[in-house]
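Quick notes on the structure that follows.
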Amino acid sequence: ALGSQPAEAICIDAAAEALLLECLDDRDSSARHFAASVLARVGSKKVAEAMRGLFRDQSNGIRHAAVYYMIRQDLIGDLSLALEVISEVVAYGNWGSSIGYVPKNFRLHPSVGSDSPQKAILEWLKRRDHRESLPLLLSRAAEFNTSLADTMASGCEALAGDDREGVFRGVVAIENIKWRNRLLKELGPFFGAAPYALAYYSEGLSNLSVEVREASARALHEHGSAAPVPAMITAIENEKTESVARWLSSAVARHADETHVPELGQALERAAERAVQNTLVSTLGGLGTDEALDILVTRLEDVAAPRAAIMSYMGIHRVERGGEIIRKKLRADAFTFGEERIAAMRALGALGDPADIPAILATMKKYPDT
């Protein structure tokens, strides 16, 4: 009879409810599952204490039923209890779904592995004062399992409403660096290039923690704008960690515009690290303005400049502007290093002037190992 009726249509009396409460302590797991599922759907507030006692049950289905009941009755009346529900229940594993011997109409979710209880918590938070609760909830989420953490991150947009900055402040206040960085990564598209986010990422580039610097550089690459490029140029000159430098290089190349050409040129003059030099060369070349290309051509006259990188770029991208200087220096055997001679020959070959063939052949003959 129970299995043939919608659960919400059934009104159990006090005696039936008392019998189901007794079944929660039954040794037979099928009886316990059945009682928990029925009480979750139709139990009164009188069974609240008993249902809350199921939060630590070894069965996913029973824990699932306990949370379903608490949310249905709206008994999670304050944030502290909400956090307790989440941390006590979710941290104990997957939610799962009610098992087969529970009548169909009393199964909380039809499919195994459903994440609906996680969504139920989020939906419950929407109905309450989530603007205040979300940052604290996020700060505690590092204690939860991966599945809920991901669900919370993906649900932040719906929960936060218009108060995105409030959520951001809550996230960056998290002391656990690993979890803070993870949330910033997951929520990056949500915050986008908001000024408060870019300011935080830019400040993070000088943090003593490599994890913070890398997370900030990555965020600026993925969600930055032209505004923080000067800070990124300064940071890349001082960065010693390769992974951070790579993200900074990508970020500078992606977001720099023609207004940054003077700063990029000055940085190229100062740069000593090969990777930094290559980044600045490719960024200037990629901008392709007359001012940017003039800087690269001028640097070909400086023996201390990354001339191989400049010539390689000019060859790959068929930049005619530097061809005459490269041609002149190759003919005069003015390149000191083998990599410069190789880059010069490749650049002239790419430019495709037959008049350069004799100089290329002469260089190859004189430097057979080149």
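In the structure tokens, chains take letters A, B, ... by order of appearance, with residues numbered from 1 within each chain and ligands from 1 in the order shown.
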
Considering only C-alpha atoms, return as a PDB file with C-alpha atoms, in the first residue's frame whatever protein or nucleic-acid residues lie within 10 Å of Glu242 of chain A, sequence-local ones (same chain, fewer than 4 positions apart) excluded.
```pdb
ATOM      1  CA  GLU A 214      51.496  30.867  -9.774  1.00  0.00           C
ATOM      2  CA  ARG A 246      55.600  30.559 -18.016  1.00  0.00           C
ATOM      3  CA  TRP A 247      52.170  31.777 -16.920  1.00  0.00           C
ATOM      4  CA  LEU A 248      53.440  35.349 -16.743  1.00  0.00           C
ATOM      5  CA  ALA A 275      63.074  32.908 -21.428  1.00  0.00           C
TER       6      ALA A 275
END
```

Asp290 of chain A proximity check over A:Glu258, A:Asp25, A:Glu165, A:Glu340, using only C-alpha atoms: winner is A:Glu258

Min atom-atom distance to Ala235 of chain A from the set A:Pro262, A:Ser206, A:Ile295, A:Val252, counting only C-alpha atoms, belongs to A:Ser206

Leaving out Arg321 of chain A and any residue of its chain fewer than 4 positions from it, which residues lie within 10 Å of it when counting only C-alpha atoms, given as a PDB file with N, CA and C atoms, in the first residue's frame?
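Saved the output as out.pdb:
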```pdb
ATOM      1  N   ASP A 290      54.829  49.719 -35.912  1.00  0.00           N
ATOM      2  CA  ASP A 290      56.123  50.236 -36.367  1.00  0.00           C
ATOM      3  C   ASP A 290      57.066  50.451 -35.199  1.00  0.00           C
ATOM      4  N   LEU A 293      58.383  46.997 -33.935  1.00  0.00           N
ATOM      5  CA  LEU A 293      59.353  46.390 -34.844  1.00  0.00           C
ATOM      6  C   LEU A 293      60.652  47.187 -34.892  1.00  0.00           C
ATOM      7  N   ASP A 294      60.542  48.508 -34.770  1.00  0.00           N
ATOM      8  CA  ASP A 294      61.757  49.341 -34.739  1.00  0.00           C
ATOM      9  C   ASP A 294      62.630  48.980 -33.538  1.00  0.00           C
ATOM     10  N   LEU A 296      62.875  46.044 -32.125  1.00  0.00           N
ATOM     11  CA  LEU A 296      63.538  44.771 -32.415  1.00  0.00           C
ATOM     12  C   LEU A 296      64.682  44.952 -33.411  1.00  0.00           C
ATOM     13  N   VAL A 297      64.449  45.737 -34.456  1.00  0.00           N
ATOM     14  CA  VAL A 297      65.492  45.968 -35.457  1.00  0.00           C
ATOM     15  C   VAL A 297      66.695  46.669 -34.823  1.00  0.00           C
ATOM     16  N   MET A 314      61.694  37.143 -36.846  1.00  0.00           N
ATOM     17  CA  MET A 314      61.568  37.838 -38.129  1.00  0.00           C
ATOM     18  C   MET A 314      61.512  36.858 -39.295  1.00  0.00           C
ATOM     19  N   ILE A 325      69.681  44.471 -42.196  1.00  0.00           N
ATOM     20  CA  ILE A 325      70.696  44.386 -41.139  1.00  0.00           C
ATOM     21  C   ILE A 325      71.217  42.960 -41.014  1.00  0.00           C
ATOM     22  N   ILE A 326      70.312  41.986 -41.051  1.00  0.00           N
ATOM     23  CA  ILE A 326      70.715  40.586 -40.941  1.00  0.00           C
ATOM     24  C   ILE A 326      71.645  40.223 -42.107  1.00  0.00           C
TER      25      ILE A 326
END
```

For Ser243 of chain A, please output as a PyMOL selection string all residues within 12 Å (counting only C-alpha atoms; exclusion window: fewer than 6 positions along the same chain).
-> chain A and resi 210-218+236+249-250+275

Could those selected residues go to a file with C-alpha atoms, as a PDB file, in the first residue's frame?
```pdb
ATOM      1  CA  VAL A 210      55.160  30.207  -5.058  1.00  0.00           C
ATOM      2  CA  GLU A 211      51.646  28.744  -4.975  1.00  0.00           C
ATOM      3  CA  VAL A 212      50.107  32.211  -4.644  1.00  0.00           C
ATOM      4  CA  ARG A 213      52.301  33.700  -7.378  1.00  0.00           C
ATOM      5  CA  GLU A 214      51.496  30.867  -9.774  1.00  0.00           C
ATOM      6  CA  ALA A 215      47.763  31.069  -9.087  1.00  0.00           C
ATOM      7  CA  SER A 216      47.848  34.838  -9.614  1.00  0.00           C
ATOM      8  CA  ALA A 217      49.833  34.570 -12.858  1.00  0.00           C
ATOM      9  CA  ARG A 218      47.497  31.914 -14.175  1.00  0.00           C
ATOM     10  CA  ILE A 236      58.439  38.398 -15.031  1.00  0.00           C
ATOM     11  CA  SER A 249      54.919  35.055 -20.223  1.00  0.00           C
ATOM     12  CA  SER A 250      51.624  33.814 -21.603  1.00  0.00           C
ATOM     13  CA  ALA A 275      63.074  32.908 -21.428  1.00  0.00           C
TER      14      ALA A 275
END
```

Looking at only C-alpha atoms, which of A:Arg318, A:Arg299, A:His221, A:His260 is the one that sits closest to Gln277 of chain A?
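Using only C-alpha atoms, the shortest distance to Gln277 of chain A belongs to A:Arg299.
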
Exercise for review: Return as an MDAnalysis selection string the full set of residues in segment 10-56 of chain A whose backbone-based DSSP assignment is alpha helix (DSSP H).
Suggested key: chainID A and resid 14:23 29:42 48:52
